[in-house]
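Following: one structure in structure tokens, then a few remarks.
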Amino acid sequence: YLNSPTTTWIHIQGNPGTERLQALGDVFRLHPLALEDVMNVGQRPKVDRYDGQLFAILARPWFDGDDLVIEQVSIFCGRGFIVSFDTGDNDPFEPVRKRLQHCSGRLRTRSADYLLYTLFDFVIDIGFPLLDDMGDRVEELESDVLEQPRAAAVGEIHRLKRHLLLLRRMLWPQREAVNNLLRDGDDIIHEETRPYIRDCYDHTVQIMELIEVYRDMASSILEVHLSAVNNRLSEIMRVLTVIATIFIPLTFVAGVYGM
């Protein structure tokens, strides 16, 4: 396949293992430093250039119940081939393979750089439905806090802020990675593919703007919750003060005549 004028794509799901990773490195002449980054998961998103190849690391967020999980996606792109790795248990690229199997459009006729764009676009766009769910949760918390403040709401708000902070920490460098792909892939990224990658960059900017908006909303909800709790406490204290004002003279009279 490598000797034919086609694009070869190899995807490894889960832990590739040292021997398999080294075998792929020997066949495709992958740089040892990049292979180390594949094995040592938890790397920041980035794009590096090694001997006529591009190596990219992306972050793929998803929710496992109430826990936010960040999987590492590693992609090598050279002339005529793509080698990709995903650390999760579930294959995220099954829809891309179905498109390759059932269509004869640009994805089948373009070179490896267009497949690289497709993988980038797919991983980046995963953030939109995830942020939509978080936006719905922000609106639910806002309604709950305004209608009936609960002590448990503070924990939920802090968990939401923690998830947004983690997303910001992992997806902010992803925006720079896409920008570096445009800047450093001169002889690998063809001119007709660059508009699509710029569209990916626009998506990363939109995602970061959504994260910032939801972070501000979460902070505002926390302030509203604290204000509502203080107002509720003030109402209770006012009622107790009225009761005390009524009974203090009666208690004084009862005390005097009791003596």
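Chain identifiers are assigned as A, B, and so on, following the order in which chains appear in the structure tokens; residues are numbered from 1 within each chain, and ligands are numbered from 1 in order of appearance.
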
Handout entry: Nearby residues (only C-alpha atoms) at most 6 Å from stretch 76-91 of chain A, same-chain spacing under 6 positions excluded, as a ChimeraX atom specification
Key = /A:7-14,53-55,112

Take the residues from that selection and put them in a file with C-alpha atoms, as a tab-separated table (two decimals), in the first residue's frame.
chain	number	residue	atom	x	y	z
A	7	THR	CA	-3.55	6.98	1.14
A	8	THR	CA	-2.98	4.39	3.87
A	9	TRP	CA	-4.66	4.91	7.24
A	10	ILE	CA	-3.84	2.75	10.26
A	11	HIS	CA	-5.71	3.36	13.51
A	12	ILE	CA	-4.78	1.80	16.86
A	13	GLN	CA	-7.43	1.86	19.59
A	14	GLY	CA	-6.30	1.63	23.22
A	53	GLN	CA	6.14	14.29	8.81
A	54	LEU	CA	3.61	16.00	11.05
A	55	PHE	CA	2.85	14.68	14.53
A	112	ALA	CA	-3.55	12.24	3.25

Can you list every residue of stretch 38-115 of chain A that has an atom at most 12 Å from stretch 132-154 of chain A, with its nearest atom pair and the distance in Å to one decimal, using only C-alpha atoms, ordered by chain then number, as CSV?
residue,atom,partner,partner_atom,distance
A:Trp62,CA,A:Asp133,CA,10.9
A:Phe63,CA,A:Asp133,CA,10.0
A:Asp66,CA,A:Met134,CA,11.1
A:Leu68,CA,A:Met134,CA,11.0

Requested write-out: all heavy atoms of the selected residues, as a PDB file, in the first residue's frame:
ATOM      1  N   TRP A  62     -14.975  13.488  26.940  1.00  0.00           N
ATOM      2  CA  TRP A  62     -16.283  12.842  26.984  1.00  0.00           C
ATOM      3  C   TRP A  62     -16.641  12.608  28.448  1.00  0.00           C
ATOM      4  O   TRP A  62     -15.771  12.639  29.333  1.00  0.00           O
ATOM      5  CB  TRP A  62     -16.304  11.522  26.205  1.00  0.00           C
ATOM      6  CG  TRP A  62     -15.365  10.473  26.719  1.00  0.00           C
ATOM      7  CD1 TRP A  62     -14.012  10.437  26.557  1.00  0.00           C
ATOM      8  CD2 TRP A  62     -15.701   9.305  27.485  1.00  0.00           C
ATOM      9  NE1 TRP A  62     -13.468   9.328  27.162  1.00  0.00           N
ATOM     10  CE2 TRP A  62     -14.493   8.612  27.751  1.00  0.00           C
ATOM     11  CE3 TRP A  62     -16.889   8.790  27.971  1.00  0.00           C
ATOM     12  CZ2 TRP A  62     -14.457   7.430  28.475  1.00  0.00           C
ATOM     13  CZ3 TRP A  62     -16.857   7.600  28.691  1.00  0.00           C
ATOM     14  CH2 TRP A  62     -15.655   6.943  28.924  1.00  0.00           C
ATOM     15  N   PHE A  63     -17.942  12.403  28.702  1.00  0.00           N
ATOM     16  CA  PHE A  63     -18.428  12.224  30.058  1.00  0.00           C
ATOM     17  C   PHE A  63     -18.631  10.749  30.347  1.00  0.00           C
ATOM     18  O   PHE A  63     -19.333  10.045  29.608  1.00  0.00           O
ATOM     19  CB  PHE A  63     -19.750  12.976  30.282  1.00  0.00           C
ATOM     20  CG  PHE A  63     -19.561  14.394  30.713  1.00  0.00           C
ATOM     21  CD1 PHE A  63     -19.860  15.441  29.863  1.00  0.00           C
ATOM     22  CD2 PHE A  63     -19.066  14.683  31.976  1.00  0.00           C
ATOM     23  CE1 PHE A  63     -19.682  16.751  30.252  1.00  0.00           C
ATOM     24  CE2 PHE A  63     -18.873  15.996  32.383  1.00  0.00           C
ATOM     25  CZ  PHE A  63     -19.187  17.027  31.517  1.00  0.00           C
ATOM     26  N   ASP A  66     -20.812  11.203  35.665  1.00  0.00           N
ATOM     27  CA  ASP A  66     -20.624  12.600  36.079  1.00  0.00           C
ATOM     28  C   ASP A  66     -19.163  13.038  35.982  1.00  0.00           C
ATOM     29  O   ASP A  66     -18.853  14.187  36.305  1.00  0.00           O
ATOM     30  CB  ASP A  66     -21.106  12.790  37.527  1.00  0.00           C
ATOM     31  CG  ASP A  66     -22.614  12.653  37.646  1.00  0.00           C
ATOM     32  OD1 ASP A  66     -23.308  12.923  36.651  1.00  0.00           O
ATOM     33  OD2 ASP A  66     -23.095  12.270  38.729  1.00  0.00           O
ATOM     34  N   LEU A  68     -15.680  13.892  33.942  1.00  0.00           N
ATOM     35  CA  LEU A  68     -15.159  14.327  32.650  1.00  0.00           C
ATOM     36  C   LEU A  68     -13.835  13.609  32.392  1.00  0.00           C
ATOM     37  O   LEU A  68     -12.909  13.697  33.195  1.00  0.00           O
ATOM     38  CB  LEU A  68     -14.964  15.840  32.634  1.00  0.00           C
ATOM     39  CG  LEU A  68     -14.401  16.432  31.336  1.00  0.00           C
ATOM     40  CD1 LEU A  68     -15.380  16.215  30.184  1.00  0.00           C
ATOM     41  CD2 LEU A  68     -14.104  17.907  31.506  1.00  0.00           C
TER      42      LEU A  68
END

Exercise for the section: Rank A:Lys98, A:Arg110, A:Arg60, A:Arg49 by their smallest atom-to-atom distance to A:Leu171, using only C-alpha atoms, and report the top residue only. Expected result: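 Smallest separation from A:Leu171 among the options: A:Arg60.
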
Handout entry: 12 Å contact set for A:Pro195, only C-alpha atoms, chain neighbours under 6 positions out, as a PyMOL selection string
Key = chain A and resi 114+117+182+189+201-202

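Among the candidates A:His102, A:Arg168, A:Arg159, A:Arg29, the residue lying nearest to A:Gly127 is A:Arg168 (atoms considered: only C-alpha atoms).
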
Exercise for the section: With a distance cut-off of 12 Å and only C-alpha atoms, select the neighbouring residues of A:Ala23, excluding the residue or stretch itself and same-chain residues fewer than 6 positions from it, and output the selection as a PyMOL selection string. Expected result: chain A and resi 16-17+29-30+32+35

Exercise for the section: Give me every strand (DSSP E or B) residue in stretch 5-180 of chain A, going by DSSP on the backbone, as number ranges by chain. Expected result: A: 8-13, 46-50, 53-64, 67-78, 81-86

Same residues, C-alpha atoms, saved as a CSV table (one decimal), in the first residue's frame:
chain,number,residue,atom,x,y,z
A,8,THR,CA,-3.0,4.4,3.9
A,9,TRP,CA,-4.7,4.9,7.2
A,10,ILE,CA,-3.8,2.8,10.3
A,11,HIS,CA,-5.7,3.4,13.5
A,12,ILE,CA,-4.8,1.8,16.9
A,13,GLN,CA,-7.4,1.9,19.6
A,46,LYS,CA,0.4,20.2,20.0
A,47,VAL,CA,1.7,19.8,16.4
A,48,ASP,CA,5.3,19.0,15.8
A,49,ARG,CA,7.3,18.4,12.6
A,50,TYR,CA,9.8,15.5,12.2
A,53,GLN,CA,6.1,14.3,8.8
A,54,LEU,CA,3.6,16.0,11.1
A,55,PHE,CA,2.9,14.7,14.5
A,56,ALA,CA,-0.2,16.0,16.3
A,57,ILE,CA,-1.7,15.4,19.7
A,58,LEU,CA,-5.4,16.3,20.3
A,59,ALA,CA,-7.7,16.1,23.4
A,60,ARG,CA,-10.9,14.1,23.1
A,61,PRO,CA,-13.3,14.9,26.0
A,62,TRP,CA,-16.3,12.8,27.0
A,63,PHE,CA,-18.4,12.2,30.1
A,64,ASP,CA,-18.2,8.9,31.9
A,67,ASP,CA,-16.9,12.5,35.5
A,68,LEU,CA,-15.2,14.3,32.6
A,69,VAL,CA,-12.6,12.2,30.9
A,70,ILE,CA,-9.9,13.5,28.5
A,71,GLU,CA,-8.6,10.9,26.0
A,72,GLN,CA,-5.4,11.5,24.0
A,73,VAL,CA,-5.5,11.2,20.2
A,74,SER,CA,-2.1,11.0,18.5
A,75,ILE,CA,-1.8,11.4,14.7
A,76,PHE,CA,1.1,10.9,12.4
A,77,CYS,CA,0.8,12.3,8.9
A,78,GLY,CA,3.3,11.8,6.1
A,81,PHE,CA,-0.2,7.7,5.1
A,82,ILE,CA,-1.9,8.5,8.4
A,83,VAL,CA,-1.2,6.6,11.6
A,84,SER,CA,-3.6,7.4,14.5
A,85,PHE,CA,-3.9,6.3,18.1
A,86,ASP,CA,-6.7,6.8,20.6

Problem - Two-atom distance - atom CA of A:Asp187, atom CA of A:Leu100 (Å) - result: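 Going from atom CA of A:Asp187 over to atom CA of A:Leu100, I get 24.7 Å.
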
Exercise for the section: Go through A:Thr193, A:Thr251, A:Gln101, A:Thr18 and flag the residue nearest A:Leu116, using only C-alpha atoms for the distances. Expected result: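 Result for the nearest residue to A:Leu116: A:Thr193.
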